[in-house]
$ cat my_file.cif   # mmCIF, C-alpha atoms and all ligand atoms
data_data
#
loop_
_atom_site.label_atom_id
_atom_site.label_comp_id
_atom_site.auth_asym_id
_atom_site.auth_seq_id
_atom_site.Cartn_x
_atom_site.Cartn_y
_atom_site.Cartn_z
CA MET S 1 102.94 -24.54 -14.39
CA ARG S 2 100.28 -24.74 -17.10
CA GLU S 3 96.71 -25.85 -16.56
CA LEU S 4 94.36 -26.93 -19.34
CA VAL S 5 90.68 -27.57 -18.70
CA VAL S 6 88.89 -29.90 -21.12
CA LEU S 7 85.21 -28.97 -21.41
CA SER S 8 82.07 -29.95 -23.23
CA GLY S 9 78.57 -28.53 -23.08
CA LYS S 10 77.24 -31.94 -22.02
CA GLY S 11 78.45 -35.42 -21.07
CA GLY S 12 79.39 -38.19 -23.50
CA THR S 13 81.36 -36.13 -26.04
CA GLY S 14 84.66 -37.95 -25.47
CA LYS S 15 86.18 -35.34 -23.15
CA THR S 16 87.40 -37.90 -20.61
CA SER S 17 88.99 -40.17 -23.25
CA LEU S 18 90.90 -37.17 -24.59
CA THR S 19 92.07 -36.06 -21.14
CA ALA S 20 93.39 -39.57 -20.41
CA SER S 21 95.20 -39.69 -23.76
CA PHE S 22 96.76 -36.25 -23.23
CA ALA S 23 98.08 -37.35 -19.83
CA PHE S 24 99.58 -40.44 -21.41
CA LEU S 25 101.20 -38.46 -24.23
CA SER S 26 102.47 -35.77 -21.90
CA GLY S 27 104.15 -38.00 -19.32
CA ARG S 28 104.53 -34.95 -17.07
CA ALA S 29 100.96 -34.13 -16.05
CA VAL S 30 98.69 -34.44 -13.03
CA MET S 31 95.08 -35.19 -13.91
CA ALA S 32 92.28 -33.45 -11.99
CA ASP S 33 88.92 -35.12 -12.47
CA THR S 34 86.39 -32.40 -11.61
CA ASP S 35 83.23 -34.14 -12.76
CA VAL S 36 82.32 -34.73 -9.11
CA ASP S 37 78.74 -35.78 -9.86
CA GLY S 38 79.58 -38.54 -12.32
CA SER S 39 83.28 -38.96 -12.71
CA ASN S 40 84.74 -41.76 -14.84
CA LEU S 41 88.37 -40.85 -15.55
CA PRO S 42 89.65 -43.45 -13.02
CA LEU S 43 87.82 -46.15 -15.00
CA LEU S 44 90.29 -45.68 -17.85
CA PHE S 45 93.24 -46.78 -15.71
CA ASP S 46 94.20 -49.44 -13.20
CA VAL S 47 94.47 -47.06 -10.29
CA SER S 48 96.21 -47.55 -6.97
CA VAL S 49 94.98 -45.43 -4.08
CA ARG S 50 97.61 -43.25 -2.42
CA ARG S 51 95.22 -41.20 -0.32
CA ARG S 52 91.52 -41.14 0.54
CA GLU S 53 89.89 -38.26 2.46
CA SER S 54 86.41 -37.21 3.54
CA PHE S 55 84.97 -33.94 2.28
CA TYR S 56 82.90 -31.85 4.69
CA SER S 57 80.83 -28.88 3.65
CA GLY S 58 78.22 -26.90 5.60
CA GLU S 59 76.66 -27.98 8.87
CA ILE S 60 73.99 -30.28 10.17
CA ALA S 61 72.05 -30.13 13.49
CA CYS S 62 72.05 -32.98 15.97
CA VAL S 63 70.18 -33.32 19.31
CA THR S 64 71.90 -34.71 22.42
CA ASP S 65 69.18 -36.69 24.20
CA ASP S 66 70.67 -36.34 27.69
CA LEU S 67 70.55 -32.54 27.53
CA CYS S 68 67.17 -32.18 25.82
CA VAL S 69 64.29 -31.10 28.11
CA GLY S 70 61.66 -31.84 25.47
CA CYS S 71 60.35 -28.28 25.05
CA GLY S 72 59.75 -28.73 21.30
CA ARG S 73 61.11 -25.28 20.28
CA CYS S 74 63.48 -26.78 17.75
CA GLU S 75 60.62 -28.56 15.98
CA SER S 76 58.45 -25.45 15.88
CA VAL S 77 61.13 -23.13 14.43
CA CYS S 78 62.47 -25.47 11.74
CA ARG S 79 61.12 -24.20 8.41
CA PHE S 80 62.38 -27.31 6.64
CA GLY S 81 60.42 -29.84 8.71
CA ALA S 82 63.71 -31.53 9.61
CA VAL S 83 63.00 -32.01 13.36
CA HIS S 84 60.71 -34.86 14.40
CA ARG S 85 59.32 -35.79 17.78
CA GLU S 86 59.54 -39.39 18.83
CA GLY S 87 57.52 -40.67 21.79
CA ASP S 88 55.02 -38.74 23.95
CA ARG S 89 55.15 -36.51 26.96
CA PRO S 90 56.53 -36.24 29.58
CA ARG S 91 59.91 -37.04 27.84
CA PRO S 92 59.54 -37.06 24.05
CA LYS S 93 62.76 -37.26 22.03
CA TYR S 94 63.61 -34.93 19.15
CA LYS S 95 65.55 -36.15 16.13
CA VAL S 96 66.94 -34.30 13.12
CA ASP S 97 66.50 -35.81 9.65
CA PRO S 98 69.97 -35.32 8.09
CA LEU S 99 68.57 -35.27 4.55
CA ALA S 100 66.07 -32.49 5.37
CA CYS S 101 68.32 -30.33 7.57
CA GLU S 102 69.68 -27.25 5.78
CA GLY S 103 72.08 -26.33 8.59
CA CYS S 104 70.51 -22.88 9.16
CA GLY S 105 71.21 -23.10 12.91
CA PHE S 106 67.82 -21.71 14.03
CA CYS S 107 67.16 -24.71 16.33
CA TYR S 108 70.64 -24.26 17.82
CA GLU S 109 69.84 -20.61 18.64
CA VAL S 110 66.51 -21.29 20.35
CA CYS S 111 67.38 -24.41 22.33
CA PRO S 112 67.22 -23.47 26.06
CA SER S 113 69.44 -26.35 27.22
CA LYS S 114 72.24 -26.37 24.62
CA ALA S 115 71.07 -29.81 23.48
CA VAL S 116 71.42 -28.93 19.79
CA LYS S 117 74.89 -29.18 18.29
CA LEU S 118 75.93 -28.14 14.79
CA GLN S 119 78.33 -30.60 13.21
CA GLU S 120 80.23 -30.56 9.95
CA ARG S 121 78.31 -32.31 7.19
CA LEU S 122 80.01 -35.15 5.33
CA THR S 123 79.19 -34.49 1.67
CA GLY S 124 81.69 -36.53 -0.28
CA GLU S 125 85.22 -37.88 -0.50
CA TRP S 126 88.29 -37.36 -2.60
CA PHE S 127 91.16 -39.59 -3.68
CA GLU S 128 94.72 -39.34 -4.86
CA PHE S 129 95.44 -42.15 -7.32
CA GLU S 130 98.57 -43.33 -9.08
CA THR S 131 98.00 -44.38 -12.72
CA ARG S 132 100.06 -45.46 -15.73
CA ALA S 133 99.71 -41.90 -17.04
CA GLY S 134 100.66 -40.12 -13.80
CA PRO S 135 98.90 -38.94 -10.64
CA LEU S 136 95.14 -38.41 -10.67
CA VAL S 137 92.98 -36.51 -8.17
CA HIS S 138 89.37 -37.54 -8.18
CA ALA S 139 86.32 -36.77 -6.00
CA ARG S 140 82.85 -38.09 -5.47
CA LEU S 141 79.98 -36.05 -4.11
CA ALA S 142 77.56 -38.00 -1.88
CA PRO S 143 74.07 -38.50 -3.42
CA SER S 144 72.55 -35.78 -1.20
CA GLY S 145 75.77 -33.75 -1.15
CA GLU S 146 75.86 -30.09 -2.08
CA ASN S 147 78.57 -27.54 -2.82
CA SER S 148 80.10 -29.33 -5.75
CA GLY S 149 81.91 -26.07 -6.66
CA LYS S 150 83.85 -26.22 -3.39
CA LEU S 151 84.80 -29.86 -4.02
CA VAL S 152 85.97 -28.99 -7.55
CA GLY S 153 88.16 -26.25 -6.04
CA LEU S 154 89.65 -28.78 -3.62
CA VAL S 155 90.45 -31.27 -6.41
CA LYS S 156 92.26 -28.57 -8.38
CA ARG S 157 94.24 -27.37 -5.37
CA GLU S 158 95.38 -30.92 -4.56
CA ALA S 159 96.36 -31.53 -8.21
CA ARG S 160 98.51 -28.37 -8.18
CA ARG S 161 100.09 -29.37 -4.87
CA ILE S 162 101.08 -32.78 -6.31
CA ALA S 163 102.41 -31.17 -9.49
CA LYS S 164 104.59 -28.87 -7.40
CA GLU S 165 105.84 -31.67 -5.14
CA ARG S 166 106.77 -33.91 -8.07
CA ASN S 167 108.11 -31.22 -10.37
CA LEU S 168 105.39 -31.81 -12.97
CA ASP S 169 104.55 -28.73 -15.01
CA LEU S 170 101.09 -29.55 -16.36
CA VAL S 171 97.65 -30.00 -14.78
CA LEU S 172 95.00 -31.53 -17.03
CA VAL S 173 91.51 -30.81 -15.74
CA ASP S 174 88.71 -33.08 -16.93
CA GLY S 175 85.89 -30.55 -16.58
CA PRO S 176 82.29 -31.18 -15.50
CA PRO S 177 79.61 -31.11 -18.21
CA GLY S 178 77.27 -28.12 -18.66
CA ILE S 179 77.83 -24.52 -17.64
CA GLY S 180 76.82 -24.54 -13.96
CA CYS S 181 78.63 -23.85 -10.70
CA PRO S 182 81.07 -26.83 -10.94
CA VAL S 183 82.17 -25.70 -14.43
CA ILE S 184 82.77 -22.15 -13.22
CA ALA S 185 84.83 -23.58 -10.33
CA SER S 186 86.83 -25.70 -12.79
CA LEU S 187 87.86 -22.56 -14.71
CA GLY S 188 89.63 -20.89 -11.77
CA GLY S 189 93.30 -20.22 -12.54
CA VAL S 190 93.48 -22.20 -15.82
CA SER S 191 95.86 -21.22 -18.65
CA GLY S 192 93.43 -22.30 -21.36
CA ALA S 193 90.34 -24.32 -22.23
CA LEU S 194 89.77 -26.98 -24.87
CA PHE S 195 86.19 -27.66 -25.95
CA VAL S 196 85.32 -31.11 -27.19
CA ALA S 197 82.23 -30.82 -29.37
CA GLU S 198 80.19 -33.20 -31.49
CA PRO S 199 78.95 -32.27 -34.98
CA THR S 200 75.25 -32.11 -34.13
CA VAL S 201 72.82 -29.20 -33.82
CA SER S 202 72.66 -29.65 -30.04
CA GLY S 203 76.47 -29.96 -29.99
CA LEU S 204 76.70 -26.55 -31.68
CA HIS S 205 74.29 -25.04 -29.16
CA ASP S 206 76.13 -26.59 -26.17
CA PHE S 207 79.45 -25.34 -27.50
CA GLU S 208 78.15 -21.75 -27.91
CA ARG S 209 76.89 -21.65 -24.33
CA ALA S 210 80.17 -22.98 -22.93
CA ALA S 211 82.26 -20.66 -25.16
CA ASN S 212 80.32 -17.65 -23.88
CA LEU S 213 81.24 -18.70 -20.36
CA THR S 214 85.00 -18.92 -21.01
CA ALA S 215 84.86 -15.63 -22.95
CA HIS S 216 83.17 -14.03 -19.95
CA PHE S 217 86.14 -15.05 -17.78
CA GLY S 218 88.67 -14.02 -20.45
CA ILE S 219 90.05 -17.54 -20.92
CA GLY S 220 91.77 -18.33 -24.23
CA SER S 221 89.96 -21.30 -25.79
CA MET S 222 90.37 -23.96 -28.47
CA ILE S 223 88.02 -26.50 -29.98
CA CYS S 224 88.31 -30.06 -31.21
CA VAL S 225 85.44 -31.75 -33.06
CA ASN S 226 85.08 -35.36 -32.01
CA ARG S 227 83.62 -37.93 -34.46
CA TRP S 228 83.80 -35.16 -37.06
CA ASP S 229 83.28 -37.47 -40.04
CA LEU S 230 79.74 -38.33 -38.87
CA ASN S 231 78.67 -34.90 -40.15
CA PRO S 232 81.39 -32.98 -42.09
CA SER S 233 79.14 -30.01 -42.94
CA LEU S 234 78.17 -29.45 -39.30
CA THR S 235 81.84 -29.80 -38.39
CA GLU S 236 82.57 -26.90 -40.78
CA ARG S 237 79.76 -24.88 -39.18
CA LEU S 238 81.08 -25.59 -35.69
CA GLU S 239 84.60 -24.50 -36.61
CA GLU S 240 83.34 -21.37 -38.38
CA ARG S 241 81.25 -20.43 -35.37
CA ALA S 242 84.25 -21.12 -33.14
CA ARG S 243 86.45 -18.74 -35.15
CA SER S 244 83.79 -16.04 -34.88
CA LEU S 245 83.87 -16.48 -31.08
CA ASP S 246 87.70 -16.32 -31.05
CA VAL S 247 87.98 -20.03 -30.25
CA HIS S 248 90.72 -21.71 -32.29
CA PRO S 249 90.06 -25.05 -34.03
CA VAL S 250 93.05 -27.27 -33.18
CA GLY S 251 92.04 -30.67 -34.48
CA ARG S 252 89.46 -33.24 -35.43
CA VAL S 253 89.09 -36.82 -34.23
CA ARG S 254 87.32 -39.26 -36.52
CA TYR S 255 84.75 -41.82 -35.44
CA ASP S 256 86.55 -45.01 -34.53
CA ARG S 257 85.29 -48.08 -32.69
CA SER S 258 88.69 -48.47 -31.06
CA VAL S 259 87.75 -45.59 -28.70
CA THR S 260 84.91 -47.62 -27.15
CA GLN S 261 87.14 -50.68 -27.15
CA ALA S 262 89.77 -48.75 -25.18
CA GLN S 263 87.13 -47.66 -22.63
CA ARG S 264 86.00 -51.26 -22.20
CA GLU S 265 89.60 -52.41 -21.68
CA GLY S 266 90.39 -49.63 -19.17
CA ARG S 267 93.10 -47.86 -21.17
CA SER S 268 93.53 -44.54 -22.94
CA VAL S 269 93.02 -44.47 -26.74
CA VAL S 270 96.65 -43.65 -27.57
CA GLU S 271 98.03 -46.73 -25.87
CA ARG S 272 97.36 -48.65 -29.11
CA GLU S 273 97.68 -47.58 -32.73
CA SER S 274 94.37 -46.71 -34.41
CA PRO S 275 93.01 -43.94 -36.68
CA ALA S 276 91.57 -42.08 -33.66
CA ALA S 277 94.87 -42.45 -31.80
CA ALA S 278 96.67 -40.81 -34.77
CA ASP S 279 94.17 -37.93 -34.72
CA ILE S 280 94.63 -37.44 -30.98
CA ARG S 281 98.42 -37.37 -31.37
CA ASN S 282 98.06 -34.60 -33.99
CA LEU S 283 95.67 -32.72 -31.75
CA TRP S 284 98.11 -33.01 -28.85
CA LYS S 285 100.92 -31.50 -30.99
CA ASN S 286 98.67 -28.58 -31.95
CA LEU S 287 97.91 -27.81 -28.32
CA GLU S 288 101.60 -26.90 -27.84
CA LEU S 289 101.53 -27.47 -24.10
S1 LIG F 1 69.66 -26.44 11.50
FE1 LIG F 1 67.88 -25.40 10.55
S2 LIG F 1 67.19 -26.88 9.04
FE2 LIG F 1 68.51 -28.02 10.43
S3 LIG F 1 67.12 -28.86 11.94
FE3 LIG F 1 67.85 -26.92 12.75
S4 LIG F 1 66.31 -25.41 12.14
FE4 LIG F 1 65.99 -27.23 10.88
S1 LIG F 2 64.84 -27.00 21.68
FE1 LIG F 2 66.47 -28.14 22.69
S2 LIG F 2 65.57 -28.80 24.63
FE2 LIG F 2 63.87 -28.15 23.32
S3 LIG F 2 63.22 -30.05 22.35
FE3 LIG F 2 64.68 -29.14 20.95
S4 LIG F 2 66.64 -30.05 21.56
FE4 LIG F 2 65.23 -30.46 23.20
#

$ encode --input "my_file.cif" --output "structure tokens" --more "lines below"
Ligand code: SF4
Ligand code: SF4
Amino acid sequence: MRELVVLSGKGGTGKTSLTASFAFLSGRAVMADTDVDGSNLPLLFDVSVRRRESFYSGEIACVTDDLCVGCGRCESVCRFGAVHREGDRPRPKYKVDPLACEGCGFCYEVCPSKAVKLQERLTGEWFEFETRAGPLVHARLAPSGENSGKLVGLVKREARRIAKERNLDLVLVDGPPGIGCPVIASLGGVSGALFVAEPTVSGLHDFERAANLTAHFGIGSMICVNRWDLNPSLTERLEERARSLDVHPVGRVRYDRSVTQAQREGRSVVERESPAAADIRNLWKNLEL
């Protein structure tokens, strides 16, 4: 089974549109949407939900009123100010603010009456969708949720499981933007990476940072310049820089309003003929997946 991660140094470069088009052209892929903080791959398809699951990560403290003797130790040891007293003596109640609790367990350790329980923290959810272009695994981190790297790992594992079950030999990972923890998690076990870059000075800088990351992990990488005709000389510079970093240029996609039109209509670019669709088809051939 092969696994390609599509990356960009920042959001809005066209990475998701390309991933959706590749899935459509392949006809044998599972998509893994690992942009768990702001995912939009499902918006490009009419999806039907096959599975929906909660994602738990870390712990959170909770006080059982009936067991609490009101000693106040939990409030005094909490360095995060997450425990609050409600009411006055002789029987005040102690409550934990779930947004402030870091799950360190100190209150649990000091409670003399075993009134503090540590529970799993609900930090997001994940979905298995069916789409016109094949199965799609997608996840959403809750607004206060942490551990996006762990959720990315889960999305990839589920995508591989589905690929195995359905005899599909390709996993297409729509990577998170940037170079942080979720991106590093998205790189685990991939066969290769494709950078989608824009011909701007910041696009060049973002690409260099991301390329250093894949080089660090020894991942063979390629680059595609999106909307290349907006700045042909910077496109040349990007591709030259890519070659010097051992990243292979595999295609260019021209600026084309039909890409935005496709997003608005909830379809991938290659589902209709257009100049950009022709470029993406060429790019797909060059990927040799
Ligand atoms: S688990 Fe830690 S952070 Fe949470 S309430 Fe207890 S002491 Fe505070
Ligand atoms: S330490 Fe335990 S018994 Fe004391 S106030 Fe907190 S929850 Fe209640």

$ residues_near_point --input "my_file.cif" --point "(93.6, -43.7, -4.7)" --cutoff "6 Å" --atoms "all atoms listed in the file" --output "list in words"
Ser48, Val49, Arg50, Arg51, Phe127, Glu128 and Phe129 of chain S

$ residues_around --input "my_file.cif" --residues "Gly105 (chain S)" --least-positions-apart "2" --cutoff "10 Å" --atoms "all atoms listed in the file" --output "VMD selection string"
chain S and resid 59 to 61 74 78 101 to 103 107 to 110 116 to 118

$ closest_residue --input "my_file.cif" --among "S:Val171, S:Val183, S:Thr34, S:Val259" --to "Glu273 (chain S)" --atoms "only C-alpha atoms"
S:Val259

$ closest_residue --input "my_file.cif" --among "S:Arg227, S:Arg252, S:Arg267, S:Lys164" --to "Val47 (chain S)" --atoms "only C-alpha atoms"
S:Arg267

$ atom_distance --input "my_file.cif" --atom1 "CA of Val270 (chain S)" --atom2 "CA of Ala163 (chain S)"
22.7 Å

$ closest_atom_pairs --input "my_file.cif" --of "chain S" --to "ligand LIG 2 (chain F)" --cutoff "8 Å" --atoms "all atoms listed in the file" --output "tab-separated table"
residue	atom	partner	partner_atom	distance
S:Val63	CA	F:LIG2	S4	5.3
S:Thr64	CA	F:LIG2	S4	7.1
S:Asp65	CA	F:LIG2	FE4	7.4
S:Leu67	CA	F:LIG2	S2	6.9
S:Cys68	CA	F:LIG2	FE4	3.7
S:Val69	CA	F:LIG2	S2	4.4
S:Gly70	CA	F:LIG2	S3	3.9
S:Cys71	CA	F:LIG2	FE2	3.9
S:Gly72	CA	F:LIG2	S3	3.9
S:Arg73	CA	F:LIG2	S1	4.3
S:Cys74	CA	F:LIG2	FE3	4.2
S:Glu75	CA	F:LIG2	FE3	6.4
S:Lys93	CA	F:LIG2	S3	7.2
S:Tyr94	CA	F:LIG2	S3	5.8
S:Cys107	CA	F:LIG2	S1	6.3
S:Tyr108	CA	F:LIG2	S1	7.5
S:Val110	CA	F:LIG2	S1	6.1
S:Cys111	CA	F:LIG2	S1	3.7
S:Pro112	CA	F:LIG2	S2	5.8
S:Ser113	CA	F:LIG2	S2	5.3
S:Lys114	CA	F:LIG2	FE1	6.3
S:Ala115	CA	F:LIG2	S4	4.8
S:Val116	CA	F:LIG2	S4	5.2

$ residues_around --input "my_file.cif" --residues "region 10-16 of chain S" --least-positions-apart "2" --cutoff "9 Å" --atoms "only C-alpha atoms" --output "JSON, numbers by chain"
{"S": [6, 7, 8, 18, 19, 20, 21, 33, 39, 40, 41, 44, 174, 175, 176, 177, 178, 179, 195, 196, 197, 198, 203, 206, 207, 226, 227, 259]}

$ closest_residue --input "my_file.cif" --among "S:Ala139, S:Leu238, S:Val36, S:Ala277" --to "Met222 (chain S)" --atoms "only C-alpha atoms"
S:Leu238

$ closest_residue --input "my_file.cif" --among "S:Val155, S:Leu99, S:Ala82, S:Ala142" --to "ligand LIG 1 (chain F)" --atoms "all atoms listed in the file"
S:Ala82

$ closest_residue --input "my_file.cif" --among "S:Arg85, S:Lys95, S:Arg209, S:Arg281" --to "Val250 (chain S)" --atoms "all atoms listed in the file"
S:Arg281

$ residues_around --input "my_file.cif" --residues "region 131-136 of chain S" --least-positions-apart "4" --cutoff "8 Å" --atoms "only C-alpha atoms" --output "PDB file with C-alpha atoms, in the coordinates of the input"
ATOM      1  CA  ALA S  20      93.390 -39.570 -20.410  1.00  0.00           C
ATOM      2  CA  ALA S  23      98.080 -37.350 -19.830  1.00  0.00           C
ATOM      3  CA  PHE S  24      99.580 -40.440 -21.410  1.00  0.00           C
ATOM      4  CA  GLY S  27     104.150 -38.000 -19.320  1.00  0.00           C
ATOM      5  CA  ARG S  28     104.530 -34.950 -17.070  1.00  0.00           C
ATOM      6  CA  ALA S  29     100.960 -34.130 -16.050  1.00  0.00           C
ATOM      7  CA  VAL S  30      98.690 -34.440 -13.030  1.00  0.00           C
ATOM      8  CA  MET S  31      95.080 -35.190 -13.910  1.00  0.00           C
ATOM      9  CA  ALA S  32      92.280 -33.450 -11.990  1.00  0.00           C
ATOM     10  CA  ASP S  33      88.920 -35.120 -12.470  1.00  0.00           C
ATOM     11  CA  PRO S  42      89.650 -43.450 -13.020  1.00  0.00           C
ATOM     12  CA  PHE S  45      93.240 -46.780 -15.710  1.00  0.00           C
ATOM     13  CA  ASP S  46      94.200 -49.440 -13.200  1.00  0.00           C
ATOM     14  CA  VAL S  47      94.470 -47.060 -10.290  1.00  0.00           C
ATOM     15  CA  SER S  48      96.210 -47.550  -6.970  1.00  0.00           C
ATOM     16  CA  ALA S 159      96.360 -31.530  -8.210  1.00  0.00           C
ATOM     17  CA  ILE S 162     101.080 -32.780  -6.310  1.00  0.00           C
TER      18      ILE S 162
END

$ closest_residue --input "my_file.cif" --among "S:Val190, S:Cys224, S:Leu43, S:Val83" --to "ligand LIG 1 (chain F)" --atoms "all atoms listed in the file"
S:Val83

$ atom_distance --input "my_file.cif" --atom1 "CA of Asp66 (chain S)" --atom2 "CA of Asp88 (chain S)"
16.3 Å

$ atom_distance --input "my_file.cif" --atom1 "CA of Thr123 (chain S)" --atom2 "atom FE1 of ligand LIG 1 (chain F)"
17.0 Å

$ residues_near_point --input "my_file.cif" --point "(99.1, -26.9, -12.4)" --cutoff "6 Å" --atoms "all atoms listed in the file" --output "PyMOL selection string"
chain S and resi 1-3+160+170-171

$ axis_aligned_box --input "my_file.cif" --around "ligand LIG 1 (chain F)" --padding-each-side "8 Å" --output "JSON"
{"center_x": 67.8, "center_y": -27.1, "center_z": 10.9, "size_x": 19.7, "size_y": 19.5, "size_z": 19.7}
